[in-house]
>>> print(open('entry-v7.pdb').read())   # PDB, C-alpha atoms and all ligand atoms
ATOM      1  CA  MET A 290      89.736  99.268 108.856  1.00  0.00           C
ATOM      2  CA  ILE A 291      86.466  97.461 108.271  1.00  0.00           C
ATOM      3  CA  ARG A 292      83.844 100.024 107.254  1.00  0.00           C
ATOM      4  CA  GLN A 293      80.610  98.212 106.556  1.00  0.00           C
ATOM      5  CA  LEU A 294      78.948  95.047 105.351  1.00  0.00           C
ATOM      6  CA  ASP A 295      79.612  94.786 101.614  1.00  0.00           C
ATOM      7  CA  HIS A 296      77.540  91.749 100.693  1.00  0.00           C
ATOM      8  CA  VAL A 297      75.871  88.614 101.949  1.00  0.00           C
ATOM      9  CA  ALA A 298      76.301  85.538  99.762  1.00  0.00           C
ATOM     10  CA  ILE A 299      73.885  82.611  99.696  1.00  0.00           C
ATOM     11  CA  ALA A 300      74.666  79.326  97.974  1.00  0.00           C
ATOM     12  CA  VAL A 301      71.863  77.982  95.799  1.00  0.00           C
ATOM     13  CA  PRO A 302      71.694  75.011  93.450  1.00  0.00           C
ATOM     14  CA  ASN A 303      69.777  76.880  90.761  1.00  0.00           C
ATOM     15  CA  LEU A 304      69.582  80.644  90.124  1.00  0.00           C
ATOM     16  CA  ASP A 305      66.532  80.317  87.898  1.00  0.00           C
ATOM     17  CA  GLU A 306      64.609  78.889  90.829  1.00  0.00           C
ATOM     18  CA  ALA A 307      66.114  81.153  93.509  1.00  0.00           C
ATOM     19  CA  VAL A 308      65.975  84.554  91.782  1.00  0.00           C
ATOM     20  CA  PRO A 309      62.155  84.796  91.558  1.00  0.00           C
ATOM     21  CA  PHE A 310      61.854  84.395  95.343  1.00  0.00           C
ATOM     22  CA  TYR A 311      64.217  87.269  96.119  1.00  0.00           C
ATOM     23  CA  ARG A 312      63.013  89.460  93.227  1.00  0.00           C
ATOM     24  CA  ASP A 313      59.276  88.778  93.149  1.00  0.00           C
ATOM     25  CA  VAL A 314      58.340  87.569  96.632  1.00  0.00           C
ATOM     26  CA  LEU A 315      60.720  89.698  98.721  1.00  0.00           C
ATOM     27  CA  GLY A 316      60.708  92.459  96.103  1.00  0.00           C
ATOM     28  CA  LEU A 317      64.455  93.148  96.196  1.00  0.00           C
ATOM     29  CA  PRO A 318      65.792  95.192  93.292  1.00  0.00           C
ATOM     30  CA  PHE A 319      67.617  92.833  90.918  1.00  0.00           C
ATOM     31  CA  LEU A 320      70.917  94.279  89.675  1.00  0.00           C
ATOM     32  CA  TYR A 321      72.668  91.834  87.330  1.00  0.00           C
ATOM     33  CA  PHE A 322      73.922  88.340  86.628  1.00  0.00           C
ATOM     34  CA  GLU A 323      77.643  87.746  86.553  1.00  0.00           C
ATOM     35  CA  GLU A 324      79.804  84.753  85.656  1.00  0.00           C
ATOM     36  CA  VAL A 325      82.942  84.562  87.823  1.00  0.00           C
ATOM     37  CA  THR A 326      84.946  81.988  85.918  1.00  0.00           C
ATOM     38  CA  ASP A 327      87.939  81.618  88.243  1.00  0.00           C
ATOM     39  CA  GLN A 328      85.625  80.865  91.180  1.00  0.00           C
ATOM     40  CA  LYS A 329      83.350  78.714  88.985  1.00  0.00           C
ATOM     41  CA  VAL A 330      80.157  80.467  90.014  1.00  0.00           C
ATOM     42  CA  ARG A 331      77.256  82.273  88.439  1.00  0.00           C
ATOM     43  CA  VAL A 332      76.136  85.172  90.597  1.00  0.00           C
ATOM     44  CA  ALA A 333      72.821  87.028  90.802  1.00  0.00           C
ATOM     45  CA  CYS A 334      73.131  90.391  92.565  1.00  0.00           C
ATOM     46  CA  PHE A 335      70.438  92.351  94.384  1.00  0.00           C
ATOM     47  CA  ASP A 336      70.607  95.843  95.809  1.00  0.00           C
ATOM     48  CA  LEU A 337      70.065  96.150  99.535  1.00  0.00           C
ATOM     49  CA  GLY A 338      70.668  99.898  99.799  1.00  0.00           C
ATOM     50  CA  GLY A 339      74.433 100.323  99.938  1.00  0.00           C
ATOM     51  CA  MET A 340      75.146  96.617 100.163  1.00  0.00           C
ATOM     52  CA  ARG A 341      74.389  93.618  98.003  1.00  0.00           C
ATOM     53  CA  LEU A 342      72.799  90.242  98.336  1.00  0.00           C
ATOM     54  CA  GLU A 343      74.483  87.678  96.099  1.00  0.00           C
ATOM     55  CA  LEU A 344      73.092  84.303  95.121  1.00  0.00           C
ATOM     56  CA  LEU A 345      75.852  81.885  94.110  1.00  0.00           C
ATOM     57  CA  GLN A 346      75.221  78.947  91.820  1.00  0.00           C
ATOM     58  CA  PRO A 347      78.069  76.563  90.950  1.00  0.00           C
ATOM     59  CA  SER A 348      78.971  76.635  87.260  1.00  0.00           C
ATOM     60  CA  SER A 349      80.844  73.341  87.359  1.00  0.00           C
ATOM     61  CA  GLU A 350      81.041  70.127  89.361  1.00  0.00           C
ATOM     62  CA  ASP A 351      84.378  71.095  90.896  1.00  0.00           C
ATOM     63  CA  SER A 352      83.194  74.537  92.013  1.00  0.00           C
ATOM     64  CA  PRO A 353      83.709  75.282  95.725  1.00  0.00           C
ATOM     65  CA  ILE A 354      79.970  76.007  95.793  1.00  0.00           C
ATOM     66  CA  SER A 355      79.206  72.478  94.546  1.00  0.00           C
ATOM     67  CA  LYS A 356      81.184  71.109  97.464  1.00  0.00           C
ATOM     68  CA  PHE A 357      79.448  73.461  99.912  1.00  0.00           C
ATOM     69  CA  LEU A 358      75.973  72.470  98.655  1.00  0.00           C
ATOM     70  CA  ALA A 359      76.826  68.770  98.863  1.00  0.00           C
ATOM     71  CA  GLN A 360      78.051  69.113 102.442  1.00  0.00           C
ATOM     72  CA  ARG A 361      75.660  71.658 103.890  1.00  0.00           C
ATOM     73  CA  GLY A 362      72.860  72.277 101.424  1.00  0.00           C
ATOM     74  CA  PRO A 363      71.645  75.713 100.310  1.00  0.00           C
ATOM     75  CA  GLY A 364      72.144  78.586 102.738  1.00  0.00           C
ATOM     76  CA  LEU A 365      74.424  81.337 103.958  1.00  0.00           C
ATOM     77  CA  HIS A 366      77.810  80.935 102.284  1.00  0.00           C
ATOM     78  CA  HIS A 367      79.752  83.994 103.410  1.00  0.00           C
ATOM     79  CA  LEU A 368      79.620  87.535 104.741  1.00  0.00           C
ATOM     80  CA  ALA A 369      81.807  90.162 103.120  1.00  0.00           C
ATOM     81  CA  PHE A 370      83.055  93.229 104.945  1.00  0.00           C
ATOM     82  CA  ARG A 371      84.375  96.240 103.092  1.00  0.00           C
ATOM     83  CA  SER A 372      87.764  97.467 104.190  1.00  0.00           C
ATOM     84  CA  ASP A 373      89.789 100.424 103.024  1.00  0.00           C
ATOM     85  CA  ASP A 374      92.948  98.272 102.985  1.00  0.00           C
ATOM     86  CA  VAL A 375      92.580  94.486 102.724  1.00  0.00           C
ATOM     87  CA  ALA A 376      96.339  93.824 102.806  1.00  0.00           C
ATOM     88  CA  SER A 377      96.872  95.586 106.127  1.00  0.00           C
ATOM     89  CA  GLU A 378      93.654  94.082 107.523  1.00  0.00           C
ATOM     90  CA  LEU A 379      94.981  90.598 106.709  1.00  0.00           C
ATOM     91  CA  GLU A 380      98.233  91.382 108.518  1.00  0.00           C
ATOM     92  CA  ARG A 381      96.322  92.701 111.497  1.00  0.00           C
ATOM     93  CA  VAL A 382      94.034  89.679 111.911  1.00  0.00           C
ATOM     94  CA  ARG A 383      96.933  87.300 111.217  1.00  0.00           C
ATOM     95  CA  GLY A 384      98.601  88.921 114.212  1.00  0.00           C
ATOM     96  CA  HIS A 385      95.609  87.816 116.277  1.00  0.00           C
ATOM     97  CA  GLY A 386      96.112  84.218 115.169  1.00  0.00           C
ATOM     98  CA  VAL A 387      93.272  84.191 112.649  1.00  0.00           C
ATOM     99  CA  ARG A 388      93.587  81.425 110.062  1.00  0.00           C
ATOM    100  CA  LEU A 389      93.605  82.866 106.524  1.00  0.00           C
ATOM    101  CA  ILE A 390      92.382  81.222 103.337  1.00  0.00           C
ATOM    102  CA  ASP A 391      94.099  83.911 101.264  1.00  0.00           C
ATOM    103  CA  GLU A 392      97.524  84.954 102.499  1.00  0.00           C
ATOM    104  CA  SER A 393      97.352  88.089 100.377  1.00  0.00           C
ATOM    105  CA  PRO A 394      94.598  89.961  98.529  1.00  0.00           C
ATOM    106  CA  ARG A 395      93.565  88.713  95.112  1.00  0.00           C
ATOM    107  CA  SER A 396      91.351  90.084  92.367  1.00  0.00           C
ATOM    108  CA  GLY A 397      87.659  89.325  92.677  1.00  0.00           C
ATOM    109  CA  ALA A 398      84.593  90.243  90.690  1.00  0.00           C
ATOM    110  CA  GLY A 399      84.094  93.856  89.705  1.00  0.00           C
ATOM    111  CA  GLY A 400      87.746  94.832  90.178  1.00  0.00           C
ATOM    112  CA  MET A 401      87.555  94.248  93.944  1.00  0.00           C
ATOM    113  CA  GLN A 402      90.554  93.179  95.957  1.00  0.00           C
ATOM    114  CA  ILE A 403      89.371  90.296  98.134  1.00  0.00           C
ATOM    115  CA  ALA A 404      90.617  87.813 100.712  1.00  0.00           C
ATOM    116  CA  PHE A 405      88.860  85.103 102.709  1.00  0.00           C
ATOM    117  CA  LEU A 406      89.258  84.265 106.400  1.00  0.00           C
ATOM    118  CA  HIS A 407      88.827  80.671 107.493  1.00  0.00           C
ATOM    119  CA  PRO A 408      85.482  79.903 109.198  1.00  0.00           C
ATOM    120  CA  LYS A 409      87.329  77.974 111.928  1.00  0.00           C
ATOM    121  CA  SER A 410      88.614  81.365 113.104  1.00  0.00           C
ATOM    122  CA  THR A 411      85.356  83.309 112.704  1.00  0.00           C
ATOM    123  CA  GLN A 412      82.778  81.385 114.728  1.00  0.00           C
ATOM    124  CA  GLY A 413      81.798  79.233 111.789  1.00  0.00           C
ATOM    125  CA  VAL A 414      80.938  81.772 109.095  1.00  0.00           C
ATOM    126  CA  LEU A 415      83.200  82.147 106.069  1.00  0.00           C
ATOM    127  CA  MET A 416      84.249  85.797 105.901  1.00  0.00           C
ATOM    128  CA  GLU A 417      85.509  87.829 102.994  1.00  0.00           C
ATOM    129  CA  LEU A 418      87.257  91.178 103.109  1.00  0.00           C
ATOM    130  CA  THR A 419      86.747  93.411 100.085  1.00  0.00           C
ATOM    131  CA  GLN A 420      88.319  96.601  98.910  1.00  0.00           C
ATOM    132  CA  PRO A 421      87.089  98.522  95.886  1.00  0.00           C
ATOM    133  CA  GLY A 422      89.967  98.154  93.454  1.00  0.00           C
ATOM    134  CA  GLU A 423      92.217 100.200  91.485  1.00  0.00           C
ATOM    135  CA  HIS A 424      93.336  97.528  89.039  1.00  0.00           C
ATOM    136  CA  VAL A 425      96.975  96.664  89.611  1.00  0.00           C
ATOM    137  CA  GLU A 426      98.420  95.727  86.226  1.00  0.00           C
TER     138      GLU A 426
HETATM  139 CO    CO A 501      81.722  87.463  98.188  1.00  0.00          CO
END
>>> encode(input="entry-v7.pdb", output="structure tokens", more="lines below")
Ligand code: CO
Amino acid sequence: MIRQLDHVAIAVPNLDEAVPFYRDVLGLPFLYFEEVTDQKVRVACFDLGGMRLELLQPSSEDSPISKFLAQRGPGLHHLAFRSDDVASELERVRGHGVRLIDESPRSGAGGMQIAFLHPKSTQGVLMELTQPGEHVE
């Protein structure tokens, strides 16, 4: 079951230019930087009281975020909903004909289990399901 919004992710070309706006102008509490190598992004995380705002900067030319920025420019990249069971949620939405990017959950940042739903099935917004992980070895 989907419980709450987990994070909002915004694609930016440059974290050094984007972070001061969110931290200093909006005054959001900055949490940490993180490098997610398998998704080829650098992430800046802010606390929004039980959920996070993430700024995503591509860390290489072939990053999915590079492609997104080239096609659409900076802006909302995805919404992530927290579920208590991503695998069964995927099965459930698949049963409704939803197109999946990830056929099964995979490991994301911070030990989360994650899976993406295709924006063609979600009214145009890329959606991620997250589940706080026990690490499966
Ligand atoms: Co995300």
>>> residues_near_ligand(input="entry-v7.pdb", ligand="ligand CO 501 (chain A)", cutoff="10 Å", atoms="all atoms listed in the file", output="list of chain:residue names")
A:Asp295, A:His296, A:Val297, A:Ala298, A:Ile299, A:Val332, A:Arg341, A:Leu342, A:Glu343, A:Leu344, A:Leu345, A:His366, A:His367, A:Leu368, A:Ala369, A:Phe370, A:Gly397, A:Ala398, A:Met401, A:Ile403, A:Ala404, A:Phe405, A:Leu415, A:Met416, A:Glu417, A:Leu418, A:Thr419
>>> closest_residue(input="entry-v7.pdb", among="A:Val301, A:Leu294, A:Phe322, A:Leu406", to="Ala359 in chain A", atoms="all atoms listed in the file")
A:Val301
>>> residues_near_point(input="entry-v7.pdb", point="(95.8, 93.9, 109.7)", cutoff="12 Å", atoms="all atoms listed in the file", output="VMD selection string")
chain A and resid 290 to 291 372 to 387 389 392 to 394 418
>>> resolve_selection(input="entry-v7.pdb", expression="the PyMOL selection byres (((chain A and resi 328-331) around 6) and not hetatm)", output="short mmCIF file (atom, residue, chain, number, x, y, z; two decimals) with C-alpha atoms, in the coordinates of the input")
data_model
loop_
_atom_site.label_atom_id
_atom_site.label_comp_id
_atom_site.auth_asym_id
_atom_site.auth_seq_id
_atom_site.Cartn_x
_atom_site.Cartn_y
_atom_site.Cartn_z
CA GLU A 323 77.64 87.75 86.55
CA GLU A 324 79.80 84.75 85.66
CA VAL A 325 82.94 84.56 87.82
CA THR A 326 84.95 81.99 85.92
CA ASP A 327 87.94 81.62 88.24
CA VAL A 332 76.14 85.17 90.60
CA LEU A 345 75.85 81.89 94.11
CA GLN A 346 75.22 78.95 91.82
CA PRO A 347 78.07 76.56 90.95
CA SER A 348 78.97 76.64 87.26
CA SER A 352 83.19 74.54 92.01
#
>>> closest_residue(input="entry-v7.pdb", among="A:Gln293, A:Pro302, A:Val308, A:Pro421", to="Glu350 in chain A", atoms="all atoms listed in the file")
A:Pro302
>>> atom_distance(input="entry-v7.pdb", atom1="CA of Leu315 in chain A", atom2="CA of Phe335 in chain A")
11.0 Å
>>> atom_distance(input="entry-v7.pdb", atom1="CA of Ala333 in chain A", atom2="CA of Phe319 in chain A")
7.8 Å
>>> atom_distance(input="entry-v7.pdb", atom1="CA of Cys334 in chain A", atom2="CA of Pro318 in chain A")
8.8 Å
>>> closest_residue(input="entry-v7.pdb", among="A:His407, A:Arg361, A:Met340, A:Gln412", to="Asp391 in chain A", atoms="only C-alpha atoms")
A:His407
>>> axis_aligned_box(input="entry-v7.pdb", around="range 377-383 of chain A", padding_each_side="6 Å", output="lines of an AutoDock Vina configuration file")
center_x = 95.9
center_y = 91.4
center_z = 109.0
size_x = 16.6
size_y = 20.3
size_z = 17.8
>>> closest_residue(input="entry-v7.pdb", among="A:Gly400, A:Leu365, A:Ser355, A:Gln420", to="Asn303 in chain A", atoms="only C-alpha atoms")
A:Ser355
>>> build_atoms(input="entry-v7.pdb", residues="range 351-369 of chain A", atoms="N, CA, C and O atoms", output="mmCIF file, in the frame of the given file")
data_model
loop_
_atom_site.group_PDB
_atom_site.id
_atom_site.type_symbol
_atom_site.label_atom_id
_atom_site.label_comp_id
_atom_site.auth_asym_id
_atom_site.auth_seq_id
_atom_site.Cartn_x
_atom_site.Cartn_y
_atom_site.Cartn_z
ATOM 1 N N ASP A 351 83.263 70.918 89.972
ATOM 2 C CA ASP A 351 84.378 71.095 90.896
ATOM 3 C C ASP A 351 84.413 72.510 91.495
ATOM 4 O O ASP A 351 85.412 72.935 92.054
ATOM 5 N N SER A 352 83.295 73.226 91.373
ATOM 6 C CA SER A 352 83.194 74.537 92.013
ATOM 7 C C SER A 352 83.185 74.383 93.538
ATOM 8 O O SER A 352 82.615 73.428 94.069
ATOM 9 N N PRO A 353 83.818 75.324 94.251
ATOM 10 C CA PRO A 353 83.709 75.282 95.725
ATOM 11 C C PRO A 353 82.255 75.325 96.205
ATOM 12 O O PRO A 353 81.930 74.791 97.270
ATOM 13 N N ILE A 354 81.383 75.930 95.411
ATOM 14 C CA ILE A 354 79.970 76.007 95.793
ATOM 15 C C ILE A 354 79.292 74.636 95.638
ATOM 16 O O ILE A 354 78.399 74.290 96.417
ATOM 17 N N SER A 355 79.727 73.848 94.662
ATOM 18 C CA SER A 355 79.206 72.478 94.546
ATOM 19 C C SER A 355 79.518 71.683 95.805
ATOM 20 O O SER A 355 78.670 70.971 96.348
ATOM 21 N N LYS A 356 80.751 71.823 96.264
ATOM 22 C CA LYS A 356 81.184 71.109 97.464
ATOM 23 C C LYS A 356 80.387 71.583 98.685
ATOM 24 O O LYS A 356 79.923 70.779 99.503
ATOM 25 N N PHE A 357 80.204 72.890 98.790
ATOM 26 C CA PHE A 357 79.448 73.461 99.912
ATOM 27 C C PHE A 357 78.015 72.929 99.916
ATOM 28 O O PHE A 357 77.492 72.502 100.954
ATOM 29 N N LEU A 358 77.361 72.935 98.747
ATOM 30 C CA LEU A 358 75.973 72.470 98.655
ATOM 31 C C LEU A 358 75.866 70.991 99.007
ATOM 32 O O LEU A 358 74.918 70.576 99.681
ATOM 33 N N ALA A 359 76.852 70.207 98.568
ATOM 34 C CA ALA A 359 76.826 68.770 98.863
ATOM 35 C C ALA A 359 76.962 68.526 100.366
ATOM 36 O O ALA A 359 76.330 67.632 100.920
ATOM 37 N N GLN A 360 77.797 69.330 101.018
ATOM 38 C CA GLN A 360 78.051 69.113 102.442
ATOM 39 C C GLN A 360 76.981 69.722 103.336
ATOM 40 O O GLN A 360 76.624 69.159 104.366
ATOM 41 N N ARG A 361 76.506 70.904 102.959
ATOM 42 C CA ARG A 361 75.660 71.658 103.890
ATOM 43 C C ARG A 361 74.310 72.047 103.338
ATOM 44 O O ARG A 361 73.467 72.561 104.070
ATOM 45 N N GLY A 362 74.110 71.872 102.034
ATOM 46 C CA GLY A 362 72.860 72.277 101.424
ATOM 47 C C GLY A 362 72.835 73.783 101.185
ATOM 48 O O GLY A 362 73.765 74.500 101.552
ATOM 49 N N PRO A 363 71.758 74.286 100.583
ATOM 50 C CA PRO A 363 71.645 75.713 100.310
ATOM 51 C C PRO A 363 71.642 76.509 101.611
ATOM 52 O O PRO A 363 71.173 76.023 102.644
ATOM 53 N N GLY A 364 72.169 77.730 101.551
ATOM 54 C CA GLY A 364 72.144 78.586 102.738
ATOM 55 C C GLY A 364 73.253 79.610 102.713
ATOM 56 O O GLY A 364 73.942 79.782 101.690
ATOM 57 N N LEU A 365 73.417 80.285 103.854
ATOM 58 C CA LEU A 365 74.424 81.337 103.958
ATOM 59 C C LEU A 365 75.801 80.781 103.626
ATOM 60 O O LEU A 365 76.242 79.796 104.235
ATOM 61 N N HIS A 366 76.470 81.397 102.667
ATOM 62 C CA HIS A 366 77.810 80.935 102.284
ATOM 63 C C HIS A 366 78.899 81.809 102.892
ATOM 64 O O HIS A 366 79.841 81.306 103.464
ATOM 65 N N HIS A 367 78.783 83.121 102.749
ATOM 66 C CA HIS A 367 79.752 83.994 103.410
ATOM 67 C C HIS A 367 79.199 85.392 103.610
ATOM 68 O O HIS A 367 78.225 85.795 102.973
ATOM 69 N N LEU A 368 79.846 86.108 104.539
ATOM 70 C CA LEU A 368 79.620 87.535 104.741
ATOM 71 C C LEU A 368 80.860 88.255 104.259
ATOM 72 O O LEU A 368 81.977 87.804 104.521
ATOM 73 N N ALA A 369 80.659 89.382 103.589
ATOM 74 C CA ALA A 369 81.807 90.162 103.120
ATOM 75 C C ALA A 369 81.772 91.544 103.756
ATOM 76 O O ALA A 369 80.743 92.227 103.727
#
